[in-house]
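> Sharing a structure below in structure tokens format, with a few things to ask.
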Amino acid sequence: MSELVIHENTVYGAGQVADDYYADAKTQTQQILANIESLLADVGSSKENILSVQIWLSDLSYFDQLNEVWDAWVVEGRQPARACVESKLANPNWKVEMMFTAALPKA
């Protein structure tokens, strides 16, 4: 499985989950967003270039925790398109999973 795939000037990120499976949804969200930032930095991009994010929550009751972290993290005026749904995740301890698409900055 590829963590990232780059095609032309677009970065496609695989599903990201938290390192701490037992953390609450807020902490898992923080860890996932940090992972996304790190992956993007590795290819010369950043969160300002994220075009879209798909989010899966194992329980929609985590929606407010997710949004609290998301709203503080996202760049004002550069909010990506976003979808968020409830879904059974592969590991029962995961509360949040995110997949993203971003642009590479123009050289």
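To be explicit about the labels: the chains of the structure tokens are called A, B, and onward in the order shown, and within each one the residues are counted from 1, while ligands get numbers from 1 in the order they are shown.
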Which residues come within 10 Å of A:Arg78, counting only C-alpha atoms, excluding same-chain residues fewer than 3 positions away, as number ranges by chain?

A: 47-51, 74-75, 81

> What's the 6 Å shell around A:Ala18, counting only C-alpha atoms, without same-chain residues fewer than 3 positions away, as a PyMOL selection string?

chain A and resi 28+31-32

> Create the file for the chosen residues now, containing all heavy atoms and written as a PDB file, in the first residue's frame.


ATOM      1  N   GLN A  28      -7.022  11.562  18.586  1.00  0.00           N
ATOM      2  CA  GLN A  28      -6.799  10.852  17.328  1.00  0.00           C
ATOM      3  C   GLN A  28      -6.840  11.822  16.151  1.00  0.00           C
ATOM      4  O   GLN A  28      -6.007  11.740  15.239  1.00  0.00           O
ATOM      5  CB  GLN A  28      -7.812   9.717  17.151  1.00  0.00           C
ATOM      6  CG  GLN A  28      -7.539   8.538  18.065  1.00  0.00           C
ATOM      7  CD  GLN A  28      -8.320   7.301  17.680  1.00  0.00           C
ATOM      8  OE1 GLN A  28      -8.844   7.170  16.578  1.00  0.00           O
ATOM      9  NE2 GLN A  28      -8.388   6.353  18.610  1.00  0.00           N
ATOM     10  N   GLN A  31      -3.577  13.755  16.006  1.00  0.00           N
ATOM     11  CA  GLN A  31      -2.483  12.926  15.500  1.00  0.00           C
ATOM     12  C   GLN A  31      -2.588  12.734  13.984  1.00  0.00           C
ATOM     13  O   GLN A  31      -1.581  12.798  13.272  1.00  0.00           O
ATOM     14  CB  GLN A  31      -2.472  11.579  16.204  1.00  0.00           C
ATOM     15  CG  GLN A  31      -2.068  11.674  17.651  1.00  0.00           C
ATOM     16  CD  GLN A  31      -2.115  10.334  18.370  1.00  0.00           C
ATOM     17  OE1 GLN A  31      -2.452   9.294  17.804  1.00  0.00           O
ATOM     18  NE2 GLN A  31      -1.779  10.363  19.659  1.00  0.00           N
ATOM     19  N   ILE A  32      -3.784  12.508  13.502  1.00  0.00           N
ATOM     20  CA  ILE A  32      -3.978  12.308  12.061  1.00  0.00           C
ATOM     21  C   ILE A  32      -3.615  13.573  11.292  1.00  0.00           C
ATOM     22  O   ILE A  32      -2.911  13.510  10.273  1.00  0.00           O
ATOM     23  CB  ILE A  32      -5.427  11.885  11.762  1.00  0.00           C
ATOM     24  CG1 ILE A  32      -5.691  10.479  12.324  1.00  0.00           C
ATOM     25  CG2 ILE A  32      -5.722  11.948  10.260  1.00  0.00           C
ATOM     26  CD1 ILE A  32      -7.156  10.107  12.390  1.00  0.00           C
TER      27      ILE A  32
END

> Give me the residues near A:Tyr21 as a PyMOL selection string, where near means some atom within 9 Å (using only C-alpha atoms) and where sequence neighbours in that chain fewer than 5 positions away do not count.

chain A and resi 28+91-95

> Keeping only all heavy atoms, write the selected residues as an mmCIF file, in the first residue's frame.


data_model
loop_
_atom_site.group_PDB
_atom_site.id
_atom_site.type_symbol
_atom_site.label_atom_id
_atom_site.label_comp_id
_atom_site.auth_asym_id
_atom_site.auth_seq_id
_atom_site.Cartn_x
_atom_site.Cartn_y
_atom_site.Cartn_z
ATOM 1 N N GLN A 28 -7.022 11.562 18.586
ATOM 2 C CA GLN A 28 -6.799 10.852 17.328
ATOM 3 C C GLN A 28 -6.840 11.822 16.151
ATOM 4 O O GLN A 28 -6.007 11.740 15.239
ATOM 5 C CB GLN A 28 -7.812 9.717 17.151
ATOM 6 C CG GLN A 28 -7.539 8.538 18.065
ATOM 7 C CD GLN A 28 -8.320 7.301 17.680
ATOM 8 O OE1 GLN A 28 -8.844 7.170 16.578
ATOM 9 N NE2 GLN A 28 -8.388 6.353 18.610
ATOM 10 N N ASN A 91 -10.065 -1.261 12.481
ATOM 11 C CA ASN A 91 -9.671 -1.581 13.853
ATOM 12 C C ASN A 91 -10.743 -1.007 14.776
ATOM 13 O O ASN A 91 -11.042 0.181 14.694
ATOM 14 C CB ASN A 91 -8.302 -0.966 14.161
ATOM 15 C CG ASN A 91 -7.796 -1.280 15.554
ATOM 16 O OD1 ASN A 91 -8.537 -1.241 16.523
ATOM 17 N ND2 ASN A 91 -6.509 -1.569 15.648
ATOM 18 N N PRO A 92 -11.302 -1.793 15.672
ATOM 19 C CA PRO A 92 -12.380 -1.287 16.526
ATOM 20 C C PRO A 92 -11.956 -0.157 17.466
ATOM 21 O O PRO A 92 -12.810 0.560 17.992
ATOM 22 C CB PRO A 92 -12.840 -2.510 17.316
ATOM 23 C CG PRO A 92 -11.749 -3.511 17.186
ATOM 24 C CD PRO A 92 -11.022 -3.207 15.922
ATOM 25 N N ASN A 93 -10.645 0.055 17.651
ATOM 26 C CA ASN A 93 -10.174 1.148 18.510
ATOM 27 C C ASN A 93 -10.002 2.463 17.763
ATOM 28 O O ASN A 93 -9.854 3.507 18.388
ATOM 29 C CB ASN A 93 -8.854 0.753 19.185
ATOM 30 C CG ASN A 93 -9.040 -0.394 20.134
ATOM 31 O OD1 ASN A 93 -9.944 -0.389 20.959
ATOM 32 N ND2 ASN A 93 -8.218 -1.413 20.004
ATOM 33 N N TRP A 94 -9.984 2.411 16.437
ATOM 34 C CA TRP A 94 -9.908 3.645 15.677
ATOM 35 C C TRP A 94 -11.239 4.366 15.764
ATOM 36 O O TRP A 94 -12.298 3.780 15.595
ATOM 37 C CB TRP A 94 -9.594 3.370 14.218
ATOM 38 C CG TRP A 94 -8.227 2.844 13.950
ATOM 39 C CD1 TRP A 94 -7.121 2.958 14.741
ATOM 40 C CD2 TRP A 94 -7.817 2.119 12.800
ATOM 41 N NE1 TRP A 94 -6.049 2.343 14.149
ATOM 42 C CE2 TRP A 94 -6.450 1.815 12.950
ATOM 43 C CE3 TRP A 94 -8.471 1.697 11.654
ATOM 44 C CZ2 TRP A 94 -5.722 1.116 12.005
ATOM 45 C CZ3 TRP A 94 -7.753 1.002 10.708
ATOM 46 C CH2 TRP A 94 -6.381 0.719 10.882
ATOM 47 N N LYS A 95 -11.166 5.639 16.012
ATOM 48 C CA LYS A 95 -12.368 6.463 16.065
ATOM 49 C C LYS A 95 -12.491 7.354 14.835
ATOM 50 O O LYS A 95 -13.577 7.746 14.450
ATOM 51 C CB LYS A 95 -12.355 7.306 17.338
ATOM 52 C CG LYS A 95 -12.436 6.464 18.599
ATOM 53 C CD LYS A 95 -12.252 7.306 19.846
ATOM 54 C CE LYS A 95 -12.360 6.460 21.093
ATOM 55 N NZ LYS A 95 -11.303 5.455 21.220
#

> I'd like the interatomic distance between atom CA of A:Leu89 and atom CA of A:Val5, to a tenth of an Å.

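Value for the atom CA of A:Leu89-atom CA of A:Val5 distance: 22.3 Å.
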
> Could you state the separation of atom CA of A:Val11 and atom CA of A:Trp73 in Å, given to one decimal place?

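About the pair atom CA of A:Val11 and atom CA of A:Trp73: they are 19.5 Å apart.
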
> Please determine, counting only C-alpha atoms, which residue among A:Gln30, A:Thr101, A:Ser61, A:Gln54 has the shortest atom-to-atom distance to A:His7.

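For A:His7, the nearest of the given residues is A:Thr101.
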
> Do you know which residues are at most 7 Å from A:Val17 counting only C-alpha atoms, after dropping those on the same chain fewer than 2 positions away, and could you put them as a PyMOL selection string?

chain A and resi 15+19+32+96-98

> So that I have them on file, write out the residues from the current selection with N, CA and C atoms, as a CSV table (one decimal), in the first residue's frame.


chain,number,residue,atom,x,y,z
A,15,GLY,N,-5.6,6.4,3.5
A,15,GLY,CA,-6.3,6.7,4.8
A,15,GLY,C,-5.3,6.8,5.9
A,19,ASP,N,-1.8,7.3,15.7
A,19,ASP,CA,-0.8,6.3,16.3
A,19,ASP,C,-1.2,5.7,17.6
A,32,ILE,N,-3.8,12.5,13.5
A,32,ILE,CA,-4.0,12.3,12.1
A,32,ILE,C,-3.6,13.6,11.3
A,96,VAL,N,-11.3,7.7,14.2
A,96,VAL,CA,-11.3,8.6,13.1
A,96,VAL,C,-10.3,8.1,12.0
A,97,GLU,N,-10.7,8.2,10.8
A,97,GLU,CA,-9.8,8.0,9.7
A,97,GLU,C,-10.0,9.0,8.6
A,98,MET,N,-8.9,9.5,8.0
A,98,MET,CA,-9.0,10.6,7.0
A,98,MET,C,-8.2,10.2,5.8

> May I have all residues of stretch 44-98 of chain A that DSSP, computed from the backbone, assigns to strand (DSSP E or B), given as a PDB file with N, CA, C and O atoms, in the first residue's frame?


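New file out_21.pdb:
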ATOM      1  N   ILE A  50      -4.291  21.500   0.555  1.00  0.00           N
ATOM      2  CA  ILE A  50      -5.236  20.380   0.566  1.00  0.00           C
ATOM      3  C   ILE A  50      -6.500  20.791  -0.186  1.00  0.00           C
ATOM      4  O   ILE A  50      -7.079  21.852   0.060  1.00  0.00           O
ATOM      5  N   LEU A  51      -6.909  19.945  -1.102  1.00  0.00           N
ATOM      6  CA  LEU A  51      -8.092  20.212  -1.919  1.00  0.00           C
ATOM      7  C   LEU A  51      -9.346  19.573  -1.339  1.00  0.00           C
ATOM      8  O   LEU A  51     -10.422  20.167  -1.365  1.00  0.00           O
ATOM      9  N   SER A  52      -9.215  18.343  -0.847  1.00  0.00           N
ATOM     10  CA  SER A  52     -10.378  17.647  -0.292  1.00  0.00           C
ATOM     11  C   SER A  52      -9.938  16.644   0.765  1.00  0.00           C
ATOM     12  O   SER A  52      -8.806  16.155   0.740  1.00  0.00           O
ATOM     13  N   VAL A  53     -10.847  16.371   1.682  1.00  0.00           N
ATOM     14  CA  VAL A  53     -10.614  15.402   2.751  1.00  0.00           C
ATOM     15  C   VAL A  53     -11.892  14.586   2.934  1.00  0.00           C
ATOM     16  O   VAL A  53     -12.993  15.144   2.974  1.00  0.00           O
ATOM     17  N   GLN A  54     -11.710  13.275   3.022  1.00  0.00           N
ATOM     18  CA  GLN A  54     -12.813  12.382   3.363  1.00  0.00           C
ATOM     19  C   GLN A  54     -12.538  11.887   4.781  1.00  0.00           C
ATOM     20  O   GLN A  54     -11.425  11.448   5.079  1.00  0.00           O
ATOM     21  N   ILE A  55     -13.552  11.961   5.618  1.00  0.00           N
ATOM     22  CA  ILE A  55     -13.401  11.586   7.026  1.00  0.00           C
ATOM     23  C   ILE A  55     -14.417  10.516   7.376  1.00  0.00           C
ATOM     24  O   ILE A  55     -15.600  10.648   7.055  1.00  0.00           O
ATOM     25  N   TRP A  56     -13.925   9.485   8.047  1.00  0.00           N
ATOM     26  CA  TRP A  56     -14.790   8.428   8.560  1.00  0.00           C
ATOM     27  C   TRP A  56     -14.698   8.448  10.070  1.00  0.00           C
ATOM     28  O   TRP A  56     -13.608   8.466  10.640  1.00  0.00           O
ATOM     29  N   LEU A  57     -15.842   8.473  10.722  1.00  0.00           N
ATOM     30  CA  LEU A  57     -15.924   8.381  12.187  1.00  0.00           C
ATOM     31  C   LEU A  57     -16.572   7.050  12.534  1.00  0.00           C
ATOM     32  O   LEU A  57     -17.580   6.673  11.916  1.00  0.00           O
ATOM     33  N   ALA A  81     -12.596  21.051   0.481  1.00  0.00           N
ATOM     34  CA  ALA A  81     -13.892  20.369   0.432  1.00  0.00           C
ATOM     35  C   ALA A  81     -13.794  19.184   1.381  1.00  0.00           C
ATOM     36  O   ALA A  81     -12.743  18.550   1.489  1.00  0.00           O
ATOM     37  N   ARG A  82     -14.888  18.886   2.078  1.00  0.00           N
ATOM     38  CA  ARG A  82     -14.827  17.847   3.103  1.00  0.00           C
ATOM     39  C   ARG A  82     -16.113  17.048   3.140  1.00  0.00           C
ATOM     40  O   ARG A  82     -17.198  17.598   3.007  1.00  0.00           O
ATOM     41  N   ALA A  83     -15.944  15.744   3.329  1.00  0.00           N
ATOM     42  CA  ALA A  83     -17.084  14.864   3.578  1.00  0.00           C
ATOM     43  C   ALA A  83     -16.786  14.104   4.859  1.00  0.00           C
ATOM     44  O   ALA A  83     -15.634  13.763   5.137  1.00  0.00           O
ATOM     45  N   CYS A  84     -17.822  13.842   5.645  1.00  0.00           N
ATOM     46  CA  CYS A  84     -17.643  13.122   6.907  1.00  0.00           C
ATOM     47  C   CYS A  84     -18.831  12.181   7.085  1.00  0.00           C
ATOM     48  O   CYS A  84     -19.983  12.617   7.020  1.00  0.00           O
ATOM     49  N   VAL A  85     -18.523  10.895   7.301  1.00  0.00           N
ATOM     50  CA  VAL A  85     -19.577   9.904   7.465  1.00  0.00           C
ATOM     51  C   VAL A  85     -19.245   8.976   8.634  1.00  0.00           C
ATOM     52  O   VAL A  85     -18.095   8.878   9.058  1.00  0.00           O
ATOM     53  N   GLU A  86     -20.259   8.308   9.125  1.00  0.00           N
ATOM     54  CA  GLU A  86     -20.063   7.275  10.128  1.00  0.00           C
ATOM     55  C   GLU A  86     -19.842   5.950   9.413  1.00  0.00           C
ATOM     56  O   GLU A  86     -20.537   5.628   8.448  1.00  0.00           O
ATOM     57  N   VAL A  96     -11.333   7.661  14.213  1.00  0.00           N
ATOM     58  CA  VAL A  96     -11.284   8.600  13.090  1.00  0.00           C
ATOM     59  C   VAL A  96     -10.315   8.064  12.038  1.00  0.00           C
ATOM     60  O   VAL A  96      -9.255   7.540  12.382  1.00  0.00           O
ATOM     61  N   GLU A  97     -10.679   8.215  10.777  1.00  0.00           N
ATOM     62  CA  GLU A  97      -9.764   7.951   9.666  1.00  0.00           C
ATOM     63  C   GLU A  97      -9.976   9.047   8.635  1.00  0.00           C
ATOM     64  O   GLU A  97     -11.110   9.495   8.426  1.00  0.00           O
ATOM     65  N   MET A  98      -8.895   9.498   8.011  1.00  0.00           N
ATOM     66  CA  MET A  98      -8.973  10.558   7.001  1.00  0.00           C
ATOM     67  C   MET A  98      -8.161  10.193   5.779  1.00  0.00           C
ATOM     68  O   MET A  98      -7.091   9.602   5.886  1.00  0.00           O
TER      69      MET A  98
END

> Could you pull out the helix (DSSP H, G or I) residues of chain A from DSSP and send them as a VMD selection string?

chain A and resid 25 to 42 47 to 49 60 to 73

> Take the selection from the previous step and output its residues with C-alpha atoms, as a PDB file, in the first residue's frame.


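result03.pdb written:
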ATOM      1  CA  ALA A  25     -11.441  11.141  19.106  1.00  0.00           C
ATOM      2  CA  LYS A  26     -10.007  14.614  19.710  1.00  0.00           C
ATOM      3  CA  THR A  27      -6.489  13.277  20.245  1.00  0.00           C
ATOM      4  CA  GLN A  28      -6.799  10.852  17.328  1.00  0.00           C
ATOM      5  CA  THR A  29      -7.844  13.750  15.103  1.00  0.00           C
ATOM      6  CA  GLN A  30      -4.846  15.814  16.242  1.00  0.00           C
ATOM      7  CA  GLN A  31      -2.483  12.926  15.500  1.00  0.00           C
ATOM      8  CA  ILE A  32      -3.978  12.308  12.061  1.00  0.00           C
ATOM      9  CA  LEU A  33      -3.758  15.962  11.051  1.00  0.00           C
ATOM     10  CA  ALA A  34      -0.121  16.073  12.225  1.00  0.00           C
ATOM     11  CA  ASN A  35       0.593  12.967  10.117  1.00  0.00           C
ATOM     12  CA  ILE A  36      -1.024  14.594   7.093  1.00  0.00           C
ATOM     13  CA  GLU A  37       1.058  17.742   7.560  1.00  0.00           C
ATOM     14  CA  SER A  38       4.231  15.652   7.828  1.00  0.00           C
ATOM     15  CA  LEU A  39       3.435  13.633   4.700  1.00  0.00           C
ATOM     16  CA  LEU A  40       2.741  16.796   2.743  1.00  0.00           C
ATOM     17  CA  ALA A  41       5.935  18.461   3.974  1.00  0.00           C
ATOM     18  CA  ASP A  42       7.914  15.428   2.787  1.00  0.00           C
ATOM     19  CA  LYS A  47      -2.053  21.884   4.533  1.00  0.00           C
ATOM     20  CA  GLU A  48      -2.757  25.127   2.646  1.00  0.00           C
ATOM     21  CA  ASN A  49      -2.741  23.034  -0.537  1.00  0.00           C
ATOM     22  CA  LEU A  60     -21.018  10.278  14.797  1.00  0.00           C
ATOM     23  CA  SER A  61     -20.987  11.227  18.473  1.00  0.00           C
ATOM     24  CA  TYR A  62     -17.308  12.146  17.832  1.00  0.00           C
ATOM     25  CA  PHE A  63     -18.304  14.819  15.312  1.00  0.00           C
ATOM     26  CA  ASP A  64     -17.985  17.750  17.750  1.00  0.00           C
ATOM     27  CA  GLN A  65     -14.538  16.592  18.953  1.00  0.00           C
ATOM     28  CA  LEU A  66     -13.395  16.274  15.349  1.00  0.00           C
ATOM     29  CA  ASN A  67     -14.692  19.725  14.426  1.00  0.00           C
ATOM     30  CA  GLU A  68     -13.080  21.376  17.447  1.00  0.00           C
ATOM     31  CA  VAL A  69      -9.649  20.205  16.282  1.00  0.00           C
ATOM     32  CA  TRP A  70     -10.395  20.671  12.578  1.00  0.00           C
ATOM     33  CA  ASP A  71     -11.589  24.267  12.987  1.00  0.00           C
ATOM     34  CA  ALA A  72      -8.410  25.222  14.876  1.00  0.00           C
ATOM     35  CA  TRP A  73      -6.171  23.451  12.325  1.00  0.00           C
TER      36      TRP A  73
END

> Grab the atom CA of A:Tyr22 to atom CA of A:Phe100 distance for me, in Å with one decimal place.

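Distance between the two atoms: 23.1 Å.
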